[in-house]
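Text of model25.cif, listed as mmCIF, C-alpha atoms:
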```
data_structure
#
loop_
_atom_site.group_PDB
_atom_site.id
_atom_site.type_symbol
_atom_site.label_atom_id
_atom_site.label_comp_id
_atom_site.auth_asym_id
_atom_site.auth_seq_id
_atom_site.Cartn_x
_atom_site.Cartn_y
_atom_site.Cartn_z
ATOM 1 C CA MET W 1 -14.504 -2.969 9.698
ATOM 2 C CA HIS W 2 -11.254 -1.026 9.193
ATOM 3 C CA THR W 3 -8.177 -2.371 10.978
ATOM 4 C CA VAL W 4 -4.617 -1.038 11.051
ATOM 5 C CA VAL W 5 -1.585 -3.240 11.728
ATOM 6 C CA GLU W 6 1.512 -1.299 12.746
ATOM 7 C CA ARG W 7 4.999 -2.250 13.811
ATOM 8 C CA GLU W 8 7.822 -0.009 14.975
ATOM 9 C CA LEU W 9 11.270 -1.387 14.216
ATOM 10 C CA GLU W 10 14.827 -0.329 13.687
ATOM 11 C CA LEU W 11 16.314 -0.859 10.257
ATOM 12 C CA LYS W 12 19.884 -0.403 9.177
ATOM 13 C CA LEU W 13 20.743 1.906 6.336
ATOM 14 C CA VAL W 14 23.676 0.141 4.692
ATOM 15 C CA LEU W 15 26.346 2.654 3.701
ATOM 16 C CA SER W 16 29.050 0.093 2.901
ATOM 17 C CA PRO W 17 29.655 -3.594 3.651
ATOM 18 C CA GLU W 18 31.355 -2.547 6.908
ATOM 19 C CA HIS W 19 29.211 0.412 7.949
ATOM 20 C CA SER W 20 25.498 1.016 8.526
ATOM 21 C CA ILE W 21 23.425 3.417 10.599
ATOM 22 C CA PRO W 22 20.175 2.720 12.476
ATOM 23 C CA VAL W 23 16.938 4.103 11.065
ATOM 24 C CA PRO W 24 13.710 3.915 13.087
ATOM 25 C CA ALA W 25 10.737 2.971 10.907
ATOM 26 C CA ARG W 26 7.061 2.124 11.128
ATOM 27 C CA LEU W 27 5.379 -0.537 8.993
ATOM 28 C CA THR W 28 1.677 0.119 8.494
ATOM 29 C CA TYR W 29 -1.063 -1.909 6.832
ATOM 30 C CA HIS W 30 -4.681 -0.740 6.441
ATOM 31 C CA THR W 31 -7.375 -3.313 5.686
ATOM 32 C CA GLU W 32 -9.212 -0.640 3.672
ATOM 33 C CA ASP W 33 -6.122 -0.429 1.405
ATOM 34 C CA PRO W 34 -5.487 -4.183 1.243
ATOM 35 C CA TYR W 35 -2.912 -4.301 -1.523
ATOM 36 C CA ALA W 36 -0.486 -1.775 -0.025
ATOM 37 C CA VAL W 37 2.216 -1.687 2.634
ATOM 38 C CA HIS W 38 3.269 1.705 3.996
ATOM 39 C CA VAL W 39 6.675 2.385 5.525
ATOM 40 C CA ALA W 40 7.612 5.613 7.281
ATOM 41 C CA PHE W 41 11.328 6.176 7.843
ATOM 42 C CA HIS W 42 12.247 8.558 10.660
ATOM 43 C CA ILE W 43 15.537 9.964 9.462
ATOM 44 C CA GLY W 44 15.935 12.946 11.769
ATOM 45 C CA SER W 45 14.192 15.414 9.472
ATOM 46 C CA GLU W 46 11.056 17.347 10.348
ATOM 47 C CA PHE W 47 8.846 14.824 8.552
ATOM 48 C CA PRO W 48 9.329 11.093 7.982
ATOM 49 C CA VAL W 49 10.030 9.710 4.528
ATOM 50 C CA HIS W 50 7.103 7.588 3.283
ATOM 51 C CA TRP W 51 7.175 4.691 0.853
ATOM 52 C CA THR W 52 4.211 2.615 -0.305
ATOM 53 C CA PHE W 53 4.469 -0.605 -2.259
ATOM 54 C CA ALA W 54 2.598 -3.866 -2.830
ATOM 55 C CA ARG W 55 2.085 -6.154 0.153
ATOM 56 C CA GLU W 56 2.576 -9.079 -2.229
ATOM 57 C CA LEU W 57 6.091 -7.803 -2.947
ATOM 58 C CA LEU W 58 6.989 -7.903 0.747
ATOM 59 C CA VAL W 59 5.378 -11.327 1.214
ATOM 60 C CA GLU W 60 7.370 -12.774 -1.678
ATOM 61 C CA GLY W 61 10.570 -10.956 -0.648
ATOM 62 C CA VAL W 62 10.577 -12.787 2.679
ATOM 63 C CA PHE W 63 11.232 -16.038 0.758
ATOM 64 C CA ARG W 64 13.038 -15.106 -2.472
ATOM 65 C CA PRO W 65 14.410 -12.124 -4.387
ATOM 66 C CA CYS W 66 11.681 -10.120 -6.063
ATOM 67 C CA GLY W 67 10.803 -6.726 -7.430
ATOM 68 C CA GLU W 68 12.218 -4.540 -10.109
ATOM 69 C CA GLY W 69 12.506 -0.829 -10.523
ATOM 70 C CA ASP W 70 11.905 1.305 -7.415
ATOM 71 C CA VAL W 71 11.552 -1.480 -4.827
ATOM 72 C CA ARG W 72 13.509 -4.738 -4.681
ATOM 73 C CA ILE W 73 13.437 -7.160 -1.736
ATOM 74 C CA TRP W 74 15.393 -10.319 -0.918
ATOM 75 C CA PRO W 75 16.207 -12.525 2.092
ATOM 76 C CA ALA W 76 19.789 -13.038 3.267
ATOM 77 C CA LYS W 77 21.980 -14.083 6.186
ATOM 78 C CA VAL W 78 24.313 -11.561 7.806
ATOM 79 C CA ASP W 79 26.512 -12.711 10.667
ATOM 80 C CA ARG W 80 24.268 -15.785 11.115
ATOM 81 C CA ARG W 81 21.162 -13.570 11.395
ATOM 82 C CA ASN W 82 18.231 -13.842 8.987
ATOM 83 C CA VAL W 83 17.573 -10.455 7.458
ATOM 84 C CA ILE W 84 15.655 -8.976 4.573
ATOM 85 C CA PHE W 85 17.250 -6.409 2.307
ATOM 86 C CA VAL W 86 15.103 -3.702 0.779
ATOM 87 C CA ALA W 87 16.592 -1.622 -2.030
ATOM 88 C CA LEU W 88 14.756 1.630 -2.740
ATOM 89 C CA THR W 89 15.398 3.792 -5.786
ATOM 90 C CA SER W 90 14.015 7.280 -6.341
ATOM 91 C CA PRO W 91 14.974 10.387 -8.310
ATOM 92 C CA ASN W 92 16.511 11.665 -5.041
ATOM 93 C CA GLY W 93 18.826 8.681 -4.618
ATOM 94 C CA ASN W 94 19.113 5.050 -3.601
ATOM 95 C CA ALA W 95 18.945 3.314 -0.242
ATOM 96 C CA LEU W 96 19.795 -0.210 0.857
ATOM 97 C CA LEU W 97 18.066 -1.206 4.083
ATOM 98 C CA GLU W 98 18.637 -4.253 6.254
ATOM 99 C CA VAL W 99 15.538 -5.382 8.163
ATOM 100 C CA PRO W 100 15.283 -8.045 10.896
ATOM 101 C CA SER W 101 13.563 -10.976 9.217
ATOM 102 C CA ALA W 102 11.627 -12.240 12.266
ATOM 103 C CA ALA W 103 9.977 -8.848 12.906
ATOM 104 C CA VAL W 104 8.849 -8.521 9.288
ATOM 105 C CA VAL W 105 7.595 -12.111 9.057
ATOM 106 C CA THR W 106 5.512 -11.738 12.230
ATOM 107 C CA TRP W 107 4.025 -8.462 10.991
ATOM 108 C CA VAL W 108 3.289 -9.829 7.509
ATOM 109 C CA GLU W 109 1.586 -12.899 9.022
ATOM 110 C CA ARG W 110 -0.743 -10.591 10.985
ATOM 111 C CA THR W 111 -1.754 -8.794 7.782
ATOM 112 C CA LEU W 112 -2.325 -12.118 6.004
ATOM 113 C CA ARG W 113 -4.599 -13.354 8.804
ATOM 114 C CA LEU W 114 -6.689 -10.188 8.531
ATOM 115 C CA VAL W 115 -6.851 -10.146 4.730
ATOM 116 C CA PRO W 116 -5.841 -13.484 3.197
ATOM 117 C CA PRO W 117 -4.292 -13.354 -0.289
ATOM 118 C CA GLY W 118 -6.994 -13.393 -2.946
ATOM 119 C CA THR W 119 -9.604 -11.667 -0.748
ATOM 120 C CA GLU W 120 -8.282 -8.119 -1.136
ATOM 121 C CA THR W 121 -10.904 -7.025 -3.683
ATOM 122 C CA GLU W 122 -13.675 -7.840 -1.212
ATOM 123 C CA ARG W 123 -12.217 -5.134 1.078
ATOM 124 C CA LEU W 124 -12.247 -2.452 -1.588
ATOM 125 C CA GLY W 125 -16.045 -2.086 -1.641
ATOM 126 C CA ILE W 126 -16.099 -1.640 -5.412
ATOM 127 C CA ASP W 127 -19.665 -2.976 -5.810
ATOM 128 C CA GLU W 128 -20.973 -0.724 -3.040
ATOM 129 C CA GLY W 129 -19.135 2.278 -4.463
ATOM 130 C CA LEU W 130 -20.496 1.676 -7.957
ATOM 131 C CA ALA W 131 -24.026 1.213 -6.619
ATOM 132 C CA GLU W 132 -23.731 4.525 -4.791
ATOM 133 C CA LEU W 133 -22.377 6.305 -7.864
ATOM 134 C CA LEU W 134 -25.053 4.880 -10.147
ATOM 135 C CA ALA W 135 -27.999 5.261 -7.768
ATOM 136 C CA PRO W 136 -30.600 7.681 -9.139
ATOM 137 C CA LEU W 137 -30.958 10.977 -7.306
ATOM 138 C CA PRO W 138 -34.093 13.175 -7.163
ATOM 139 C CA ALA W 139 -32.434 15.637 -9.557
ATOM 140 C CA ASP W 140 -32.082 12.819 -12.108
ATOM 141 C CA ASP W 141 -35.842 13.043 -12.731
ATOM 142 C CA LEU W 142 -35.305 16.499 -14.243
ATOM 143 C CA TRP W 143 -32.843 15.095 -16.760
ATOM 144 C CA LEU W 144 -35.129 12.233 -17.657
ATOM 145 C CA SER W 145 -38.177 14.437 -18.274
ATOM 146 C CA ASP W 146 -38.639 16.832 -21.177
ATOM 147 C CA PRO W 147 -38.457 20.375 -19.746
ATOM 148 C CA TRP W 148 -40.300 21.869 -22.780
ATOM 149 C CA GLY W 149 -43.141 19.416 -22.837
ATOM 150 C CA PRO W 150 -44.492 17.767 -25.987
ATOM 151 C CA ASP W 151 -43.931 19.394 -29.347
ATOM 152 C CA GLU W 152 -47.376 20.695 -30.349
ATOM 153 C CA SER W 153 -46.418 22.329 -33.613
ATOM 154 C CA GLN W 154 -48.041 21.038 -36.799
ATOM 155 C CA ASP W 155 -46.196 20.473 -40.012
ATOM 156 C CA GLY W 156 -45.862 23.833 -41.739
ATOM 157 C CA ASP W 157 -46.668 25.884 -38.616
ATOM 158 C CA VAL W 158 -44.034 28.252 -37.428
#
```
In structure tokens, what does this structure look like?
Amino acid sequence: MHTVVERELELKLVLSPEHSIPVPARLTYHTEDPYAVHVAFHIGSEFPVHWTFARELLVEGVFRPCGEGDVRIWPAKVDRRNVIFVALTSPNGNALLEVPSAAVVTWVERTLRLVPPGTETERLGIDEGLAELLAPLPADDLWLSDPWGPDESQDGDV
């Protein structure tokens, strides 16, 4: 069974320590893609900006700093509020986002109840996919048989 867990929330794009702007976003998790978290940022353009990264990175980032490269996540307190910072790096630029911790934790817990850590590979259907790919088809009989029949030539006959 395929299940989707979504959550609309408002993030803050941090422009400086004193200034940030709100950014509506949607967190999405698909049980058929159990290792990934998808985030769509609605930034006022025609199409949202999409990022995909490991669910494990978000789970760990709720508790301690983690990640390197394109996505880094860490918990913090800002004005006595628990938040999570997400730093995104791309060839087009960098973004620092502040996310309400409680909203992310609740959403992550829902994904973990659906697909507990360590059970992700069971959702991928690798065995079923391989069985389907390797299953013989009627046309395979043509490849397994000799289309010219037995060689009836004798030594020395041309």
Check your understanding: Residues picked by the PyMOL selection byres ((chain W and resi 4-20) around 10) here, as a PyMOL selection string?
Key -> chain W and resi 2-3+21-33+37-42+84-87+95-100+103-104+106-108+110-111+114
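Across the chains present, the PyMOL selection byres ((chain W and resi 66) around 12) applied to this file returns Ala54, Glu56, Leu57, Leu58, Val59, Glu60, Gly61, Val62, Phe63, Arg64, Pro65, Gly67, Glu68, Gly69, Asp70, Val71, Arg72, Ile73, Trp74, Pro75, Ile84, Phe85, Val86 and Ala87 of chain W.
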Review point. Looking at W:Pro91, W:Gly44, W:Pro34, W:Pro136, which one is nearest to Glu120 (chain W), with distances taken over all atoms listed in the file?
Key: W:Pro34
**Study point:** Gap from CA of His50 (chain W) to CA of Tyr35 (chain W) - Å, one decimal
**Key:**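 Rounded to one decimal, the two atoms are 16.3 Å apart.
Take CA of Glu122 (chain W) and CA of Ala36 (chain W): the distance between them is 14.6 Å.
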Point to revise | Atom-to-atom span, CA of Asp79 (chain W) and CA of Val49 (chain W), Å | key: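 Those two atoms sit 28.5 Å apart.
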